[in-house]
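Worksheet for the structure shown next.
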Amino acid sequence: MNAPRNLRFYLIASCLALAASLTLAVGVHAQAPATALSVLPDTEATDWTRSLVSIEVTYKALDAFQPWNTPTRAIRKQGVVVAPGEVLTTAQYLPTHTLVRVQKGGRGRWFDARVKWWDAQSNLALLTSEAPDFWKGLQPVELSSEASRGPDFDLVRWRDGNLENRRVEFGQFTVREGVLGFAPHVMLEISTDLTGLGWSEVVAHRGRVLGLTTYSTGRTCGVVPAAFIQRVLDAQRLGKFTGLGYLDFTWQPGSNPELLTELGLAGSPRGAVVHQAGRVKDPAFAPQPRDILLEIDGSPIDIEGDYLDPDFGHLMLENLANRTHFAGDVLPIKLLRGGKEMTVNYRIPRASFAEELVPRETFDRPPAYVVTGGLVFQSLSQPFLRGWGDDWRKYAPLRLQYYQYSDTADGRKSLVVLTGVLPDVFNLGYQDERFIVLDKVNGRTIATLADLVEALGAPEPGADVHRFEFMRGQGLERILLDAPGLDAATARVIQFYGIPAATRL
Amino acid sequence: MRIPRIASIVPIGFNPRAFTFLLLSALCVRAQLLPASSPEQAVVQILTASQTPDFDAPWRFDSVRRSTGTGFVIEGGRILTNAHVIAWAKQILVRRYQDPRLLPARVVYAGHDCDLAIVELLDPKGLEGVSPLTLGELPAVQSTVVTIGYPAGGEQISFTRGVVSRIEMQAYAHPGNRSLLAVQTDAAINPGNSGGPVLQEGKVAGVAFQGIPGLQNAGFFIPPEVVRHFLKDVADGRYDGVPLAGVTLEPLQNPAYRRQLGLADDGRGARVDALRPDGAAMRVLRRDDVVLEVGGLAVGSDGMVLYRGNRVSASVAFQQPQSGEPVRLKIWRDRAELTLDLPMEAYRGDRLAGRSYDTLPRYFVHAGLVFTPLSADYLETVGRPGRDNLWAGLAKLIYELRGRPLEEPATVRAEPIVLATILPHPVNADFSMRGGALVNRINGVRIERLEDVIRALSENQGERHVLEFDGPDQGPLEAINRAAAAAAHTEILRTYAIPSDQRL
């Protein structure tokens, strides 16, 4: 993604009071201000100045190694009025916002805004403002339902107070994970020489919104297509949006005819091969290793693992989890198992960060931590690993990274890491320990910070120490801390290091 | 022992294509520090033509690489140098001081774990008239030493003087997974100095061997203790290696931990935190034993011993015996002192996790599928993935090589095998797998070592070979027609100029 127009460290003291009055309303249908607005006709003469909105977001960033800190950043992005009292934008930077303001006309006054709804997996958000003056002169635009292939589109944005409207080229429709989530869905890729994209700029065709930009790498810019947006918004407005789903089994292309034959397929090669089951192990309800996926939701699967989408052309089968469904729906999957065709009714799991051993995002709650006796523990998460910077895959401890790709031997669903030690005489001898995964405390298995707190409240009978055991082979395997002195040491450490609270779960 | 975290270290054999350094010689010091017998007569330049195998196409070799190092004549008419100077050598030539001749030589012993080697001239007469250098003692910190060698920047012998900066355990870059005693000096040690003597009062105080890029005025040499250990090891005609204890000692400085173990806060003893599952220490020591003495050296609560006036990691004491000899320990267990002998051994179980030398990689090729052991050398051919989703594959291989033996020893394969690459041919062109994956099973046979690949393929009577990757349970799979694979095999070997389908 390109660098944000970062406003850097806005003075937050005054903003926090404002932020306190703003409510982050996830999935709540707030009443929009009563403003009569009409929908523009299908015309190329759309006056974008009356629909495009600048958005300023001040948000909490993560201090990976001092999670009690709450550094704030500010960025500006774009939005577009899509309904009376509703500004549509991408969800990026909104999950941890402290202040959101909107501006119309590309210049002039900023109005306080409120996040009505956001969803990480679809990367969409709706904003509103309680200020009637903001809505004066604004008009909603239509989201296009067509899957246009251009060849050219318009990219529209506010830039330095002026409306910029530039031509961009159609690239392809593809399926990929969203910028914030991991549920694959259809994306439009456009090609352009423009820089600084990915901030929810509007891509338009014939005066209608074709999508919102969400990332940019080189000459390629990813766009969340309007048809996808519309389906999510419609469901959300009806209270039927259950979240995006995903296929939790793992498959590979069926490009090797010998493999397909070995698995019992007769006739022309088709389908994709499952090689790892998902969470549902019951073969009656989920694909199993060595199954061949023949059809999903009525769409035949080819040997690339693609299906022919009636709107977007050939797309990867993963899109079928969200093309006409959402999480929780039943997806009929016709497959070949042991040489016999059968259909399993697969219930689409909801894409949820909480289901991941190493969650890709944790912004559904403030960064959690436990400081005890100067030892700092956090849950293992990708935001923590990203604390090593843009090149975190190169620099973050490899062992911690590997948990992203593997299950734990004992099946625990999350992990707790000693992320550092705040030196104190109490933890003398351990001051250099860090980045090792906690296994047990006082004999109890630790999967969450809550487990840790609970275990610290129950020392082993007769013991006057707390026993911390770490995963073997990763470095130090055991730490003992004096039990009677622990609370006093913790109080001393957090006071000395200016930590607001010893624990945030 | 835990390997200390340090910056990257490189051996300093001189590859003229890779280095350009200004030569800082110090000829003026000779009169003061060198004996009248002119030790430079015993210092030789070693010119090596070497060729390393291509670890993902193991029948091939990289281009011939020319490098220079230094060596010196020791008792017996042999030349001591660094192992990295002669590693993968195809030809070794020796040039004596102010002698125009190039004298062919061969390797007699190579101790890659301690980065020392002995070479001898094919014609022993080539060293006639040379007085060997004798081994001295570990120099004192702050004392002055002189390095002699043939570093980059010129053709003639070079002398530099410096002081001993510090003495401690250092990671040896050549093996990649060993830490031994090393001496740091501010004497200029540059590419080409490798294997050269570091002299003090006319005796060898060490063998120059590595530097740290970016670190100013810091070169390292191998101390006489390690050299003597090597020479004693090879005295029986075979090199066994530096023994490893297989025990992880951690500092025992925390008052609560000491109290829990019944120890006074007197600075004595380091705690046994972990034991290598297949090591001899596992049979002798227990977790939370406290090691009070090793080989007569008192172990401090910081895990260090006072070794000839230097405070260094206690692992130095475990490296004093030869492989097969015991080291005497005094430990604290169950609130009482106990004396016991720990049999020491040169450990080879982690050889794949370090760099290998002089033994060509094993491989087996069938129908264009190239199988070879997973090793540190192989991983270096993989490089850093450019795409995020490829990191998963690399992370899995690294875990298999370095993580699993420590964390899940019960599931370790003796010799993990990877499908290194696929040589394209119609018989395998439909594979969606492109190589770089751990081989889990072939035709249902779990692959523990390369021979299992051969057995699983040769014993299969089915219509197809089925290959499964990753694991430990399920992973990507491929199939290949057995008869077609057999028919294509010879043609593929010929097409890709593979001299043999296996090296076992």
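In the structure tokens, chains take letters A, B, ... by order of appearance, with residues numbered from 1 within each chain and ligands from 1 in the order shown.
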
Inset, instruction - For Ala270 (chain B), work out the shell of residues within 6 Å, counting only C-alpha atoms and skipping chain neighbours fewer than 4 positions away, then give it as a list in words. - result: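 After dropping sequence-adjacent residues, the list is Leu249, Glu250, Pro251, Leu252, Val290, Val291, Ser301 and Gly303 of chain B.
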
Legend entry - Non-local contacts of Gly195 (chain B) (8 Å; only C-alpha atoms; under 4 positions in same chain excluded) as an MDAnalysis selection string: chainID B and resid 69:72 80:82 85 116 207:209

Inset, instruction - Write out as a PyMOL selection string every residue belonging to chain A that has an atom at most 8 Å from any atom of chain B, counting only C-alpha atoms. - result: chain A and resi 251-253+255-259+262+275-276+289+393+398-399+401-402+405+426-430+465+471-482

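In terms of minimum interatomic distance to Lys232 (chain B), B:Pro321 ranks closest within B:Val44, B:Glu120, B:Pro321, B:Val163, counting only C-alpha atoms.
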
Legend entry - For Arg271 (chain B), the nearest of the candidates B:Leu199, B:Leu244, B:Val299, B:Leu397, counting only C-alpha atoms: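 For Arg271 (chain B), the nearest of the given residues is B:Val299.
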